[in-house]
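Trainee: Quick one: the structure is below, questions incoming.
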Amino acid sequence: MRRSETVERIKEDASKYYKCCFWRYKVLLFEIYHHTYVQAFVGMLIISNFFVECVQRQIDPQAAEFQGTWQAIEDFFAVAFLIELLVNLYGSWCRPFFSQPWNWFDMFVVFVGILMLARTPLPGPLSLVRMLRAFRVFRLFGLTGRR
């Protein structure tokens with residue numbers, strides 16, 4: 001489905017069902033979130049996270065020397081990606097959000113980030129999922145082709 005058709009369908013649904021309270025800003029947030037500048041900002045955030053991870057692996061592979069700094073940066077990105085996912089979820093609720101495979105991938109990666117934010121011990125391979133955040137930037141290339 002083309003982006004313009006999705007926006008029109010959401011606007012139509014919003015005019016019927018979401019006139020008050022919590023859902024009032026759904027369409028506005030959908031349009032803001034899917035704007036080219038916002039998507040470019042999200043892409044830069046994803047790329048920044050990837051570069052920070054690369055720098056950390058080069059400077060302090062065991063995260064022992066600058067543990068507090070790396071943890072603060074990791075927490076920042078976890079919260080930023082959680083906010084980004086919540087904005088996308090709110091603006092695209094429900095069918096448009098869950099029909100996109102990239103959103104499922106985002107939810108998984110952000111969920112693991114939340115577990116890490118809560119300092120929950122994770123099994124070996126699951127702790128490496130945060131490196132998959134870098135692949136989230138590929139969804140932006142998919143969005144640009146549908147505009």
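Identifiers in this document derive from the order of the structure tokens: chains are assigned A, B, ..., residues are numbered from 1 separately in each chain, and ligands are numbered from 1 in order of occurrence.
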Please give the complete set of residues from chain A that DSSP, run on the backbone, assigns to alpha helix (DSSP H), formatted as a PyMOL selection string.

Mentor: chain A and resi 3-17+26-33+36-59+67-92+95-98+101-117+124-127+138-144

Trainee: If we count only C-alpha atoms and set the cut-off at 9 Å, which residues sit around stretch 50-62 of chain A, ignoring sequence neighbours fewer than 2 positions away in its own chain? Please answer as a list in words.

Mentor: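 Using only C-alpha atoms, the neighbours found are Leu45, Ile46, Ile47, Ser48, Ala64, Glu65, Phe66, Gln67, Trp70, Ile73, Glu74, Met131, Leu132, Arg133 and Ala134 of chain A.
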
Trainee: Compare A:Phe97, A:Phe135, A:Trp102, A:Phe111 by their minimum atom-to-atom distance to A:Ala78, counting only C-alpha atoms, and give me the closest one.

Mentor: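 Selected residue with least distance to A:Ala78: A:Phe111.
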
Trainee: One decimal, in Å: what's the spacing between atom CA of A:Thr120 and atom CA of A:Asp75?

Mentor: 13.1 Å

Trainee: Out of A:Phe22, A:Phe81, A:Tyr37, A:Phe98, which residue has the shortest atom-to-atom distance to A:Ile114 when counting only C-alpha atoms?

Mentor: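 Of all the options, A:Phe81 lies closest to A:Ile114.
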
Trainee: Identify which of the residues A:Met44, A:Leu82, A:Cys94, A:Val112 lies closest to A:Val129, counting only C-alpha atoms when measuring atom-to-atom distances.

Mentor: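 With only C-alpha atoms as the atom set, the closest residue is A:Val112.
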
Trainee: Could you work out how far atom CA of A:Val79 lies from atom CA of A:Met107, giving the answer in Å with one decimal?

Mentor: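 Taking atom CA of A:Met107 as the start and atom CA of A:Val79 as the end point, the length is 13.0 Å.
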
Trainee: Could you tell me how far atom CA of A:Ile32 sits from atom CA of A:Leu115, in Å to one decimal place?

Mentor: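 Taking atom CA of A:Leu115 and atom CA of A:Ile32, their separation equals 28.4 Å.
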
Trainee: With only C-alpha atoms as the counted atoms, please give the residues lying no more than 9 Å from A:Ser127, apart from itself and same-chain residues fewer than 6 positions off, as a list in words.

Mentor: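 Surrounding residues, per the criterion: Val112, Gly113, Met116 and Pro121 of chain A.
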
Trainee: Could those residues be written to a file, using N, CA and C atoms, as a PDB file, in the first residue's frame?

Mentor:
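Here's the written file result-v9.pdb:
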ATOM      1  N   VAL A 112      14.488  -5.726  23.638  1.00  0.00           N
ATOM      2  CA  VAL A 112      15.775  -6.156  24.200  1.00  0.00           C
ATOM      3  C   VAL A 112      16.502  -4.957  24.809  1.00  0.00           C
ATOM      4  N   GLY A 113      16.409  -3.799  24.168  1.00  0.00           N
ATOM      5  CA  GLY A 113      17.005  -2.583  24.723  1.00  0.00           C
ATOM      6  C   GLY A 113      16.387  -2.210  26.060  1.00  0.00           C
ATOM      7  N   MET A 116      17.781  -4.452  28.666  1.00  0.00           N
ATOM      8  CA  MET A 116      19.131  -4.014  29.022  1.00  0.00           C
ATOM      9  C   MET A 116      19.066  -2.753  29.879  1.00  0.00           C
ATOM     10  N   PRO A 121      19.771  -9.526  33.315  1.00  0.00           N
ATOM     11  CA  PRO A 121      20.795 -10.364  32.660  1.00  0.00           C
ATOM     12  C   PRO A 121      20.186 -11.114  31.472  1.00  0.00           C
TER      13      PRO A 121
END

Trainee: Go through A:Gly68, A:Gly124, A:Gly43, A:Gly91 and flag the residue nearest A:Arg24, using only C-alpha atoms for the distances.

Mentor: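 Distance minimum relative to A:Arg24 lands on A:Gly91.
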
Trainee: Between A:Leu89, A:Pro96, A:Gln71, A:Glu84, which is the closest to A:Arg119 once you count only C-alpha atoms?

Mentor: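 Smallest separation from A:Arg119 among the options: A:Gln71.
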